$ cat coords_32.csv   # CSV, N, CA and C atoms
chain,number,residue,atom,x,y,z
A,1,MET,N,5.7,12.1,32.1
A,1,MET,CA,5.1,10.8,32.0
A,1,MET,C,4.4,10.4,33.3
A,2,THR,N,4.8,10.8,34.5
A,2,THR,CA,4.2,10.5,35.7
A,2,THR,C,2.8,11.1,35.8
A,3,LEU,N,2.6,12.3,35.4
A,3,LEU,CA,1.3,12.9,35.5
A,3,LEU,C,0.4,12.2,34.5
A,4,LYS,N,0.8,11.8,33.4
A,4,LYS,CA,0.0,11.1,32.4
A,4,LYS,C,-0.5,9.8,32.9
A,5,ARG,N,0.4,9.1,33.6
A,5,ARG,CA,0.1,7.8,34.2
A,5,ARG,C,-0.9,8.0,35.3
A,6,PHE,N,-0.7,9.0,36.1
A,6,PHE,CA,-1.7,9.3,37.2
A,6,PHE,C,-3.1,9.6,36.7
A,7,ILE,N,-3.2,10.4,35.6
A,7,ILE,CA,-4.5,10.7,35.0
A,7,ILE,C,-5.1,9.5,34.4
A,8,ILE,N,-4.3,8.6,33.8
A,8,ILE,CA,-4.9,7.4,33.2
A,8,ILE,C,-5.4,6.5,34.3
A,9,ALA,N,-4.6,6.4,35.4
A,9,ALA,CA,-5.1,5.6,36.5
A,9,ALA,C,-6.3,6.1,37.2
A,10,LEU,N,-6.3,7.5,37.3
A,10,LEU,CA,-7.5,8.1,37.9
A,10,LEU,C,-8.8,7.9,37.1
A,11,LEU,N,-8.6,7.8,35.8
A,11,LEU,CA,-9.8,7.6,35.0
A,11,LEU,C,-10.2,6.1,34.9
A,12,SER,N,-9.2,5.2,34.9
A,12,SER,CA,-9.4,3.8,34.6
A,12,SER,C,-9.9,3.1,35.9
A,13,ILE,N,-9.5,3.4,37.0
A,13,ILE,CA,-9.9,2.7,38.3
A,13,ILE,C,-11.4,2.7,38.5
A,14,PRO,N,-12.1,3.9,38.4
A,14,PRO,CA,-13.5,3.8,38.5
A,14,PRO,C,-14.2,3.0,37.4
A,15,LEU,N,-13.7,3.1,36.2
A,15,LEU,CA,-14.4,2.3,35.1
A,15,LEU,C,-14.1,0.8,35.3
A,16,LEU,N,-13.0,0.5,35.8
A,16,LEU,CA,-12.7,-1.0,36.0
A,16,LEU,C,-13.5,-1.5,37.2
A,17,SER,N,-13.6,-0.6,38.2
A,17,SER,CA,-14.4,-1.0,39.4
A,17,SER,C,-15.9,-1.2,39.0
A,18,TYR,N,-16.4,-0.2,38.2
A,18,TYR,CA,-17.8,-0.3,37.7
A,18,TYR,C,-18.0,-1.6,37.0
A,19,TRP,N,-17.1,-1.9,36.1
A,19,TRP,CA,-17.2,-3.1,35.3
A,19,TRP,C,-17.2,-4.4,36.1
A,20,LEU,N,-16.2,-4.5,37.1
A,20,LEU,CA,-16.1,-5.7,37.9
A,20,LEU,C,-17.2,-5.9,38.9
A,21,ILE,N,-17.7,-4.8,39.5
A,21,ILE,CA,-18.7,-4.9,40.6
A,21,ILE,C,-20.1,-4.7,40.1
A,22,LEU,N,-20.4,-3.7,39.4
A,22,LEU,CA,-21.8,-3.4,39.1
A,22,LEU,C,-22.3,-3.9,37.7
A,23,SER,N,-21.5,-4.1,36.7
A,23,SER,CA,-22.0,-4.6,35.4
A,23,SER,C,-22.7,-5.9,35.5
A,24,PRO,N,-22.4,-6.9,36.3
A,24,PRO,CA,-23.1,-8.1,36.3
A,24,PRO,C,-24.5,-8.0,37.0
A,25,VAL,N,-24.8,-6.9,37.7
A,25,VAL,CA,-26.0,-6.8,38.4
A,25,VAL,C,-26.8,-5.5,38.0
A,26,ILE,N,-26.7,-5.1,36.7
A,26,ILE,CA,-27.5,-4.1,36.1
A,26,ILE,C,-28.8,-4.8,35.6
A,27,PRO,N,-30.0,-4.4,36.2
A,27,PRO,CA,-31.2,-5.1,35.8
A,27,PRO,C,-31.6,-4.7,34.4
A,28,ASN,N,-32.1,-5.7,33.6
A,28,ASN,CA,-32.5,-5.5,32.3
A,28,ASN,C,-34.0,-5.9,32.3
A,29,SER,N,-34.9,-4.9,32.1
A,29,SER,CA,-36.3,-5.2,32.1
A,29,SER,C,-36.8,-6.1,31.0
A,30,GLU,N,-36.0,-6.3,30.0
A,30,GLU,CA,-36.3,-7.2,28.9
A,30,GLU,C,-35.8,-8.6,29.1
A,31,ASN,N,-35.3,-8.8,30.3
A,31,ASN,CA,-34.7,-10.1,30.6
A,31,ASN,C,-35.9,-11.2,30.7
A,32,ASP,N,-35.8,-12.2,29.8
A,32,ASP,CA,-36.8,-13.2,29.8
A,32,ASP,C,-36.7,-14.2,31.0
A,33,TYR,N,-35.6,-14.1,31.7
A,33,TYR,CA,-35.3,-15.1,32.8
A,33,TYR,C,-35.7,-14.5,34.2
A,34,ALA,N,-36.2,-13.2,34.2
A,34,ALA,CA,-36.5,-12.6,35.4
A,34,ALA,C,-37.8,-13.1,36.0
A,35,TYR,N,-37.9,-13.2,37.3
A,35,TYR,CA,-39.1,-13.7,37.9
A,35,TYR,C,-39.6,-12.6,38.8
A,36,TYR,N,-40.9,-12.3,38.8
A,36,TYR,CA,-41.4,-11.1,39.6
A,36,TYR,C,-42.4,-11.6,40.6
A,37,THR,N,-42.3,-11.0,41.8
A,37,THR,CA,-43.2,-11.2,42.9
A,37,THR,C,-43.9,-9.9,43.3
A,38,TYR,N,-45.2,-9.8,43.5
A,38,TYR,CA,-45.9,-8.6,43.8
A,38,TYR,C,-46.4,-8.6,45.2
A,39,SER,N,-46.4,-7.4,45.8
A,39,SER,CA,-47.0,-7.3,47.2
A,39,SER,C,-48.5,-7.4,47.1
A,40,ASP,N,-49.1,-7.8,48.2
A,40,ASP,CA,-50.5,-8.0,48.3
A,40,ASP,C,-51.3,-6.7,48.0
A,41,ASP,N,-50.7,-5.5,48.4
A,41,ASP,CA,-51.4,-4.3,48.1
A,41,ASP,C,-51.1,-3.7,46.7
A,42,GLY,N,-50.2,-4.3,46.0
A,42,GLY,CA,-49.8,-3.9,44.7
A,42,GLY,C,-48.9,-2.7,44.6
A,43,LYS,N,-48.4,-2.3,45.7
A,43,LYS,CA,-47.5,-1.1,45.7
A,43,LYS,C,-46.0,-1.4,45.3
A,44,TRP,N,-45.7,-2.7,45.4
A,44,TRP,CA,-44.3,-3.1,45.2
A,44,TRP,C,-44.2,-4.3,44.3
A,45,LYS,N,-43.0,-4.3,43.6
A,45,LYS,CA,-42.7,-5.5,42.8
A,45,LYS,C,-41.3,-5.8,43.0
A,46,ILE,N,-41.0,-7.1,43.2
A,46,ILE,CA,-39.6,-7.5,43.3
A,46,ILE,C,-39.3,-8.3,42.1
A,47,GLY,N,-38.1,-8.0,41.5
A,47,GLY,CA,-37.6,-8.7,40.3
A,47,GLY,C,-36.5,-9.6,40.8
A,48,GLU,N,-36.5,-10.8,40.4
A,48,GLU,CA,-35.4,-11.7,40.7
A,48,GLU,C,-34.6,-12.0,39.4
A,49,PHE,N,-33.4,-11.4,39.3
A,49,PHE,CA,-32.7,-11.5,38.1
A,49,PHE,C,-31.4,-12.4,38.2
A,50,PRO,N,-31.1,-13.1,37.2
A,50,PRO,CA,-29.9,-13.9,37.2
A,50,PRO,C,-28.7,-12.9,37.0
A,51,VAL,N,-27.5,-13.2,37.5
A,51,VAL,CA,-26.3,-12.4,37.3
A,51,VAL,C,-25.9,-12.5,35.8
A,52,SER,N,-25.6,-11.4,35.2
A,52,SER,CA,-25.1,-11.4,33.8
A,52,SER,C,-23.7,-11.8,33.8
A,53,ALA,N,-23.3,-12.5,32.8
A,53,ALA,CA,-22.0,-13.0,32.6
A,53,ALA,C,-21.1,-12.0,31.9
A,54,THR,N,-20.8,-10.9,32.6
A,54,THR,CA,-20.0,-9.8,31.9
A,54,THR,C,-18.6,-9.8,32.4
A,55,THR,N,-18.3,-10.5,33.4
A,55,THR,CA,-16.9,-10.6,33.9
A,55,THR,C,-16.5,-12.0,34.2
A,56,PRO,N,-15.3,-12.4,34.3
A,56,PRO,CA,-14.9,-13.8,34.6
A,56,PRO,C,-15.6,-14.3,35.9
A,57,ILE,N,-15.6,-13.5,36.9
A,57,ILE,CA,-16.2,-14.0,38.2
A,57,ILE,C,-17.7,-14.1,38.0
A,58,SER,N,-18.4,-13.2,37.3
A,58,SER,CA,-19.8,-13.2,37.2
A,58,SER,C,-20.2,-14.4,36.2
A,59,PHE,N,-19.3,-14.8,35.4
A,59,PHE,CA,-19.6,-16.0,34.5
A,59,PHE,C,-19.7,-17.2,35.4
A,60,ILE,N,-18.9,-17.4,36.4
A,60,ILE,CA,-19.0,-18.5,37.3
A,60,ILE,C,-20.3,-18.4,38.1
A,61,GLN,N,-20.6,-17.2,38.6
A,61,GLN,CA,-21.8,-17.0,39.3
A,61,GLN,C,-23.0,-17.3,38.4
A,62,PHE,N,-23.0,-16.9,37.2
A,62,PHE,CA,-24.1,-17.3,36.2
A,62,PHE,C,-24.2,-18.8,36.1
A,63,LEU,N,-23.1,-19.5,36.0
A,63,LEU,CA,-23.2,-20.9,35.9
A,63,LEU,C,-23.8,-21.6,37.1
A,64,PHE,N,-23.6,-21.0,38.3
A,64,PHE,CA,-24.2,-21.5,39.5
A,64,PHE,C,-25.5,-20.9,39.9
A,65,ASN,N,-26.2,-20.3,38.9
A,65,ASN,CA,-27.5,-19.7,39.0
A,65,ASN,C,-27.7,-18.7,40.2
A,66,LYS,N,-26.7,-17.9,40.4
A,66,LYS,CA,-26.7,-16.8,41.4
A,66,LYS,C,-27.7,-15.7,40.9
A,67,GLU,N,-28.4,-15.1,41.9
A,67,GLU,CA,-29.4,-14.1,41.5
A,67,GLU,C,-29.3,-12.9,42.5
A,68,TYR,N,-29.9,-11.8,42.1
A,68,TYR,CA,-30.0,-10.6,42.9
A,68,TYR,C,-31.4,-10.1,42.8
A,69,MET,N,-31.8,-9.3,43.7
A,69,MET,CA,-33.2,-8.8,43.8
A,69,MET,C,-33.3,-7.3,43.5
A,70,VAL,N,-34.3,-6.9,42.8
A,70,VAL,CA,-34.5,-5.5,42.5
A,70,VAL,C,-35.9,-5.1,42.9
A,71,LEU,N,-36.0,-3.9,43.5
A,71,LEU,CA,-37.3,-3.4,44.0
A,71,LEU,C,-37.8,-2.4,43.1
A,72,TYR,N,-39.1,-2.5,42.7
A,72,TYR,CA,-39.8,-1.5,41.8
A,72,TYR,C,-41.0,-1.0,42.6
A,73,ASN,N,-41.4,0.2,42.3
A,73,ASN,CA,-42.7,0.7,42.9
A,73,ASN,C,-43.8,0.3,42.0
A,74,ASP,N,-45.1,0.8,42.3
A,74,ASP,CA,-46.2,0.4,41.5
A,74,ASP,C,-46.2,1.0,40.1
A,75,LYS,N,-45.4,2.0,39.9
A,75,LYS,CA,-45.3,2.6,38.6
A,75,LYS,C,-44.2,2.0,37.7
A,76,GLY,N,-43.5,1.0,38.3
A,76,GLY,CA,-42.4,0.3,37.6
A,76,GLY,C,-41.1,1.0,37.7
A,77,GLU,N,-41.0,2.0,38.6
A,77,GLU,CA,-39.7,2.8,38.7
A,77,GLU,C,-38.8,2.0,39.6
A,78,TYR,N,-37.5,2.0,39.2
A,78,TYR,CA,-36.4,1.4,40.0
A,78,TYR,C,-36.3,2.1,41.3
A,79,ILE,N,-36.3,1.3,42.5
A,79,ILE,CA,-36.1,1.9,43.8
A,79,ILE,C,-34.8,1.6,44.3
A,80,GLY,N,-34.4,0.3,44.2
A,80,GLY,CA,-33.1,-0.1,44.7
A,80,GLY,C,-32.9,-1.6,44.5
A,81,GLN,N,-31.8,-2.2,45.0
A,81,GLN,CA,-31.6,-3.6,44.8
A,81,GLN,C,-30.7,-4.1,45.9
A,82,SER,N,-30.6,-5.4,46.0
A,82,SER,CA,-29.8,-6.1,47.0
A,82,SER,C,-28.3,-5.8,46.7
A,83,THR,N,-27.5,-6.2,47.6
A,83,THR,CA,-26.1,-5.9,47.5
A,83,THR,C,-25.4,-6.7,46.3
A,84,PRO,N,-24.5,-6.0,45.6
A,84,PRO,CA,-23.8,-6.7,44.5
A,84,PRO,C,-22.7,-7.6,45.0
A,85,PHE,N,-22.4,-7.6,46.3
A,85,PHE,CA,-21.3,-8.3,46.8
A,85,PHE,C,-21.7,-9.7,47.3
A,86,CYS,N,-23.0,-10.0,47.3
A,86,CYS,CA,-23.5,-11.3,47.8
A,86,CYS,C,-24.7,-11.7,46.9
A,87,THR,N,-24.4,-12.6,46.0
A,87,THR,CA,-25.5,-13.1,45.2
A,87,THR,C,-25.7,-14.6,45.6
A,88,GLN,N,-26.9,-15.1,45.5
A,88,GLN,CA,-27.1,-16.5,45.9
A,88,GLN,C,-28.2,-17.1,45.0
A,89,SER,N,-28.3,-18.4,45.1
A,89,SER,CA,-29.4,-19.0,44.4
A,89,SER,C,-30.6,-18.9,45.3
A,90,VAL,N,-31.7,-18.4,44.7
A,90,VAL,CA,-32.9,-18.1,45.5
A,90,VAL,C,-34.0,-19.0,45.0
A,91,LEU,N,-34.5,-19.8,45.9
A,91,LEU,CA,-35.6,-20.7,45.5
A,91,LEU,C,-36.8,-20.3,46.4
A,92,ASP,N,-37.8,-19.6,45.8
A,92,ASP,CA,-39.0,-19.2,46.5
A,92,ASP,C,-38.7,-18.5,47.9
A,93,PRO,N,-38.1,-17.3,47.9
A,93,PRO,CA,-37.8,-16.7,49.2
A,93,PRO,C,-39.0,-16.1,49.8
A,94,ASN,N,-39.0,-16.1,51.1
A,94,ASN,CA,-40.1,-15.4,51.8
A,94,ASN,C,-39.8,-13.9,51.9
A,95,ILE,N,-40.6,-13.1,51.3
A,95,ILE,CA,-40.4,-11.7,51.2
A,95,ILE,C,-41.3,-10.9,52.1
A,96,LEU,N,-40.6,-10.0,52.9
A,96,LEU,CA,-41.4,-9.1,53.7
A,96,LEU,C,-41.3,-7.7,53.1
A,97,PHE,N,-42.4,-7.3,52.5
A,97,PHE,CA,-42.5,-6.0,51.8
A,97,PHE,C,-42.5,-4.9,52.8
A,98,PRO,N,-42.2,-3.6,52.3
A,98,PRO,CA,-42.1,-2.5,53.2
A,98,PRO,C,-43.5,-2.1,53.8
A,99,THR,N,-43.4,-1.7,55.0
A,99,THR,CA,-44.6,-1.2,55.7
A,99,THR,C,-44.4,0.2,56.2
A,100,LYS,N,-45.3,0.9,56.8
A,100,LYS,CA,-45.1,2.2,57.3
A,100,LYS,C,-44.1,2.3,58.4
A,101,SER,N,-44.0,1.2,59.2
A,101,SER,CA,-43.0,1.2,60.3
A,101,SER,C,-41.6,0.7,59.9
A,102,ASP,N,-41.6,-0.1,58.8
A,102,ASP,CA,-40.3,-0.7,58.4
A,102,ASP,C,-40.2,-0.4,56.9
A,103,LEU,N,-39.3,0.5,56.5
A,103,LEU,CA,-39.2,0.9,55.1
A,103,LEU,C,-38.0,0.1,54.4
A,104,PHE,N,-38.0,-1.2,54.7
A,104,PHE,CA,-37.0,-2.0,54.0
A,104,PHE,C,-37.8,-3.2,53.5
A,105,VAL,N,-37.3,-3.8,52.4
A,105,VAL,CA,-37.7,-5.1,51.9
A,105,VAL,C,-36.8,-6.1,52.5
A,106,ARG,N,-37.3,-7.1,53.1
A,106,ARG,CA,-36.4,-8.1,53.8
A,106,ARG,C,-36.7,-9.5,53.2
A,107,PHE,N,-35.7,-10.3,53.2
A,107,PHE,CA,-35.8,-11.6,52.7
A,107,PHE,C,-35.4,-12.7,53.7
A,108,ILE,N,-36.2,-13.8,53.7
A,108,ILE,CA,-35.9,-14.8,54.7
A,108,ILE,C,-35.7,-16.1,53.9
A,109,PRO,N,-34.6,-16.8,54.0
A,109,PRO,CA,-33.6,-16.7,55.0
A,109,PRO,C,-32.6,-15.6,54.7
A,110,GLU,N,-31.9,-15.1,55.7
A,110,GLU,CA,-31.0,-14.0,55.5
A,110,GLU,C,-29.6,-14.5,55.3
A,111,THR,N,-29.4,-15.4,54.3
A,111,THR,CA,-28.1,-15.9,54.0
A,111,THR,C,-27.2,-14.7,53.5
A,112,CYS,N,-27.8,-13.9,52.7
A,112,CYS,CA,-27.1,-12.7,52.2
A,112,CYS,C,-27.9,-11.5,52.7
A,113,ASP,N,-27.2,-10.3,52.7
A,113,ASP,CA,-27.9,-9.1,53.1
A,113,ASP,C,-28.7,-8.6,51.9
A,114,PHE,N,-29.9,-9.2,51.7
A,114,PHE,CA,-30.8,-8.9,50.6
A,114,PHE,C,-31.7,-7.7,50.9
A,115,SER,N,-31.6,-7.1,52.1
A,115,SER,CA,-32.6,-6.1,52.5
A,115,SER,C,-32.4,-4.9,51.5
A,116,ILE,N,-33.5,-4.3,51.1
A,116,ILE,CA,-33.4,-3.1,50.2
A,116,ILE,C,-34.2,-2.0,50.9
A,117,PRO,N,-33.5,-0.9,51.1
A,117,PRO,CA,-34.2,0.3,51.7
A,117,PRO,C,-35.0,1.0,50.7
A,118,VAL,N,-36.2,1.5,51.1
A,118,VAL,CA,-37.1,2.2,50.2
A,118,VAL,C,-36.6,3.7,50.2
A,119,GLU,N,-36.3,4.2,51.3
A,119,GLU,CA,-35.7,5.6,51.4
A,119,GLU,C,-34.2,5.5,51.6
A,120,ASN,N,-33.5,6.5,51.3
A,120,ASN,CA,-32.0,6.5,51.4
A,120,ASN,C,-31.4,5.3,50.8
A,121,PRO,N,-31.4,5.1,49.5
A,121,PRO,CA,-30.8,4.0,48.9
A,121,PRO,C,-29.3,3.9,49.1
A,122,ARG,N,-28.8,2.7,49.0
A,122,ARG,CA,-27.4,2.5,49.2
A,122,ARG,C,-26.6,3.0,48.0
A,123,TRP,N,-25.3,3.1,48.1
A,123,TRP,CA,-24.5,3.7,47.1
A,123,TRP,C,-24.6,3.0,45.7
A,124,TRP,N,-24.7,1.7,45.7
A,124,TRP,CA,-24.8,1.0,44.4
A,124,TRP,C,-26.1,1.2,43.8
A,125,SER,N,-27.2,1.3,44.6
A,125,SER,CA,-28.5,1.6,44.0
A,125,SER,C,-28.5,3.0,43.4
A,126,LYS,N,-27.8,4.0,44.0
A,126,LYS,CA,-27.8,5.3,43.4
A,126,LYS,C,-27.0,5.3,42.0
A,127,ILE,N,-25.9,4.6,42.0
A,127,ILE,CA,-25.2,4.5,40.7
A,127,ILE,C,-26.0,3.8,39.6
A,128,ILE,N,-26.6,2.7,40.0
A,128,ILE,CA,-27.4,1.9,39.0
A,128,ILE,C,-28.6,2.7,38.6
A,129,LYS,N,-29.2,3.4,39.5
A,129,LYS,CA,-30.4,4.2,39.1
A,129,LYS,C,-29.9,5.3,38.1
A,130,PHE,N,-28.8,5.9,38.3
A,130,PHE,CA,-28.3,6.9,37.4
A,130,PHE,C,-28.0,6.2,36.0
A,131,ARG,N,-27.4,5.1,36.1
A,131,ARG,CA,-27.1,4.4,34.8
A,131,ARG,C,-28.3,4.0,34.1
A,132,LEU,N,-29.4,3.6,34.8
A,132,LEU,CA,-30.6,3.2,34.1
A,132,LEU,C,-31.3,4.5,33.5
A,133,SER,N,-31.1,5.6,34.2
A,133,SER,CA,-31.7,6.8,33.7
A,133,SER,C,-31.1,7.3,32.3
A,134,LEU,N,-30.0,6.8,32.0
A,134,LEU,CA,-29.3,7.2,30.7
A,134,LEU,C,-29.9,6.4,29.5
A,135,LEU,N,-30.7,5.4,29.8
A,135,LEU,CA,-31.2,4.6,28.7
A,135,LEU,C,-32.4,5.3,28.0
$ encode --input "coords_32.csv" --output "structure tokens"
Amino acid sequence: MTLKRFIIALLSIPLLSYWLILSPVIPNSENDYAYYTYSDDGKWKIGEFPVSATTPISFIQFLFNKEYMVLYNDKGEYIGQSTPFCTQSVLDPNILFPTKSDLFVRFIPETCDFSIPVENPRWWSKIIKFRLSLL
């Protein structure tokens, strides 16, 4: 019985973690409530998405209009997104798009770490990109 419980725990902990942490911040391109901002050169697109009410905590975040940011390239491909650990209400943020010298998207004010790397995505962006590729 101990080995069986260990295997069940080994399989259920990653699934539970995925559900609690990442399921509220999976971008849905068909979301009618998303707001998009484009860079001046047309190379980048930022999607501002509301948190999905998929968990009890995210339901509260949804009620308080918490949002997260997603970066797309000019072909509409997912590049990365802001941290799932800090969502906030965003009203017309000042966005600094990537340049040759700074390969990050930065947001002002920096209440949350909303910076999104263009190269070397963070771990949550890698998992979400894999998840989106399954659709």
$ residues_around --input "coords_32.csv" --residues "Phe97 in chain A" --least-positions-apart "3" --cutoff "8 Å" --atoms "all atoms listed in the file" --output "count of residues only"
11
$ residues_around --input "coords_32.csv" --residues "range 22-26 of chain A" --least-positions-apart "6" --cutoff "7 Å" --atoms "all atoms listed in the file" --output "list in words"
Pro50, Val51, Ser52, Ala53, Thr54, Thr55, Ser58, Pro84 and Ile128 of chain A
$ write_last_selection --input "coords_32.csv" --atoms "N, CA and C atoms" --output "mmCIF file, in the frame of the given file"
data_model
loop_
_atom_site.group_PDB
_atom_site.id
_atom_site.type_symbol
_atom_site.label_atom_id
_atom_site.label_comp_id
_atom_site.auth_asym_id
_atom_site.auth_seq_id
_atom_site.Cartn_x
_atom_site.Cartn_y
_atom_site.Cartn_z
ATOM 1 N N PRO A 50 -31.100 -13.100 37.200
ATOM 2 C CA PRO A 50 -29.900 -13.900 37.200
ATOM 3 C C PRO A 50 -28.700 -12.900 37.000
ATOM 4 N N VAL A 51 -27.500 -13.200 37.500
ATOM 5 C CA VAL A 51 -26.300 -12.400 37.300
ATOM 6 C C VAL A 51 -25.900 -12.500 35.800
ATOM 7 N N SER A 52 -25.600 -11.400 35.200
ATOM 8 C CA SER A 52 -25.100 -11.400 33.800
ATOM 9 C C SER A 52 -23.700 -11.800 33.800
ATOM 10 N N ALA A 53 -23.300 -12.500 32.800
ATOM 11 C CA ALA A 53 -22.000 -13.000 32.600
ATOM 12 C C ALA A 53 -21.100 -12.000 31.900
ATOM 13 N N THR A 54 -20.800 -10.900 32.600
ATOM 14 C CA THR A 54 -20.000 -9.800 31.900
ATOM 15 C C THR A 54 -18.600 -9.800 32.400
ATOM 16 N N THR A 55 -18.300 -10.500 33.400
ATOM 17 C CA THR A 55 -16.900 -10.600 33.900
ATOM 18 C C THR A 55 -16.500 -12.000 34.200
ATOM 19 N N SER A 58 -18.400 -13.200 37.300
ATOM 20 C CA SER A 58 -19.800 -13.200 37.200
ATOM 21 C C SER A 58 -20.200 -14.400 36.200
ATOM 22 N N PRO A 84 -24.500 -6.000 45.600
ATOM 23 C CA PRO A 84 -23.800 -6.700 44.500
ATOM 24 C C PRO A 84 -22.700 -7.600 45.000
ATOM 25 N N ILE A 128 -26.600 2.700 40.000
ATOM 26 C CA ILE A 128 -27.400 1.900 39.000
ATOM 27 C C ILE A 128 -28.600 2.700 38.600
#
$ closest_atom_pairs --input "coords_32.csv" --of "range 9-99 of chain A" --to "range 129-132 of chain A" --cutoff "8 Å" --atoms "all atoms listed in the file" --output "tab-separated table"
residue	atom	partner	partner_atom	distance
A:Pro27	N	A:Leu132	CA	7.9
A:Tyr78	C	A:Lys129	CA	6.6
A:Ile79	C	A:Lys129	CA	7.3
A:Gly80	CA	A:Lys129	N	7.4
$ write_last_selection --input "coords_32.csv" --atoms "N, CA and C atoms" --output "PDB file, keeping the file's coordinate frame"
ATOM      1  N   PRO A  27     -30.000  -4.400  36.200  1.00  0.00           N
ATOM      2  CA  PRO A  27     -31.200  -5.100  35.800  1.00  0.00           C
ATOM      3  C   PRO A  27     -31.600  -4.700  34.400  1.00  0.00           C
ATOM      4  N   TYR A  78     -37.500   2.000  39.200  1.00  0.00           N
ATOM      5  CA  TYR A  78     -36.400   1.400  40.000  1.00  0.00           C
ATOM      6  C   TYR A  78     -36.300   2.100  41.300  1.00  0.00           C
ATOM      7  N   ILE A  79     -36.300   1.300  42.500  1.00  0.00           N
ATOM      8  CA  ILE A  79     -36.100   1.900  43.800  1.00  0.00           C
ATOM      9  C   ILE A  79     -34.800   1.600  44.300  1.00  0.00           C
ATOM     10  N   GLY A  80     -34.400   0.300  44.200  1.00  0.00           N
ATOM     11  CA  GLY A  80     -33.100  -0.100  44.700  1.00  0.00           C
ATOM     12  C   GLY A  80     -32.900  -1.600  44.500  1.00  0.00           C
TER      13      GLY A  80
END
$ select_by_dssp --input "coords_32.csv" --residues "chain A" --states "strand (DSSP E)" --output "ChimeraX atom specification"
/A:35-38,44-50,67-73,78-81,94-96,104-108,116-117
$ closest_residue --input "coords_32.csv" --among "A:Thr87, A:Asn65, A:Thr99, A:Gln81" --to "Lys126 in chain A" --atoms "only N, CA and C atoms"
A:Gln81
$ atom_distance --input "coords_32.csv" --atom1 "atom C of Leu63 in chain A" --atom2 "CA of Trp124 in chain A"
23.8 Å
$ atom_distance --input "coords_32.csv" --atom1 "CA of Lys45 in chain A" --atom2 "atom C of Met69 in chain A"
9.6 Å
$ atom_distance --input "coords_32.csv" --atom1 "CA of Ile46 in chain A" --atom2 "atom C of Ile127 in chain A"
18.1 Å
$ closest_residue --input "coords_32.csv" --among "A:Gly76, A:Tyr38, A:Phe62, A:Pro121" --to "Leu96 in chain A" --atoms "only C-alpha atoms"
A:Tyr38
$ closest_residue --input "coords_32.csv" --among "A:Arg5, A:Leu20, A:Tyr33, A:Ile116" --to "Pro56 in chain A" --atoms "only N, CA and C atoms"
A:Leu20
$ select_by_dssp --input "coords_32.csv" --residues "chain A" --states "helix (DSSP H, G or I)" --output "ChimeraX atom specification"
/A:2-25,56-63,123-133
$ build_atoms --input "coords_32.csv" --residues "range 53-57 of chain A" --atoms "all heavy atoms" --output "mmCIF file, in the coordinates of the input"
data_model
loop_
_atom_site.group_PDB
_atom_site.id
_atom_site.type_symbol
_atom_site.label_atom_id
_atom_site.label_comp_id
_atom_site.auth_asym_id
_atom_site.auth_seq_id
_atom_site.Cartn_x
_atom_site.Cartn_y
_atom_site.Cartn_z
ATOM 1 N N ALA A 53 -23.300 -12.500 32.800
ATOM 2 C CA ALA A 53 -22.000 -13.000 32.600
ATOM 3 C C ALA A 53 -21.100 -12.000 31.900
ATOM 4 O O ALA A 53 -20.759 -12.178 30.730
ATOM 5 C CB ALA A 53 -21.978 -14.360 31.894
ATOM 6 N N THR A 54 -20.800 -10.900 32.600
ATOM 7 C CA THR A 54 -20.000 -9.800 31.900
ATOM 8 C C THR A 54 -18.600 -9.800 32.400
ATOM 9 O O THR A 54 -17.775 -9.087 31.766
ATOM 10 C CB THR A 54 -20.668 -8.447 32.225
ATOM 11 O OG1 THR A 54 -20.737 -8.281 33.638
ATOM 12 C CG2 THR A 54 -22.046 -8.343 31.624
ATOM 13 N N THR A 55 -18.300 -10.500 33.400
ATOM 14 C CA THR A 55 -16.900 -10.600 33.900
ATOM 15 C C THR A 55 -16.500 -12.000 34.200
ATOM 16 O O THR A 55 -17.442 -12.877 34.251
ATOM 17 C CB THR A 55 -16.699 -9.772 35.223
ATOM 18 O OG1 THR A 55 -17.461 -10.401 36.258
ATOM 19 C CG2 THR A 55 -17.140 -8.328 35.077
ATOM 20 N N PRO A 56 -15.300 -12.400 34.300
ATOM 21 C CA PRO A 56 -14.900 -13.800 34.600
ATOM 22 C C PRO A 56 -15.600 -14.300 35.900
ATOM 23 O O PRO A 56 -16.075 -15.437 35.907
ATOM 24 C CB PRO A 56 -13.405 -13.758 34.710
ATOM 25 C CG PRO A 56 -12.973 -12.590 33.890
ATOM 26 C CD PRO A 56 -14.063 -11.565 34.061
ATOM 27 N N ILE A 57 -15.600 -13.500 36.900
ATOM 28 C CA ILE A 57 -16.200 -14.000 38.200
ATOM 29 C C ILE A 57 -17.700 -14.100 38.000
ATOM 30 O O ILE A 57 -18.319 -15.079 38.482
ATOM 31 C CB ILE A 57 -15.889 -12.977 39.314
ATOM 32 C CG1 ILE A 57 -14.390 -12.995 39.586
ATOM 33 C CG2 ILE A 57 -16.671 -13.297 40.578
ATOM 34 C CD1 ILE A 57 -13.918 -11.908 40.518
#
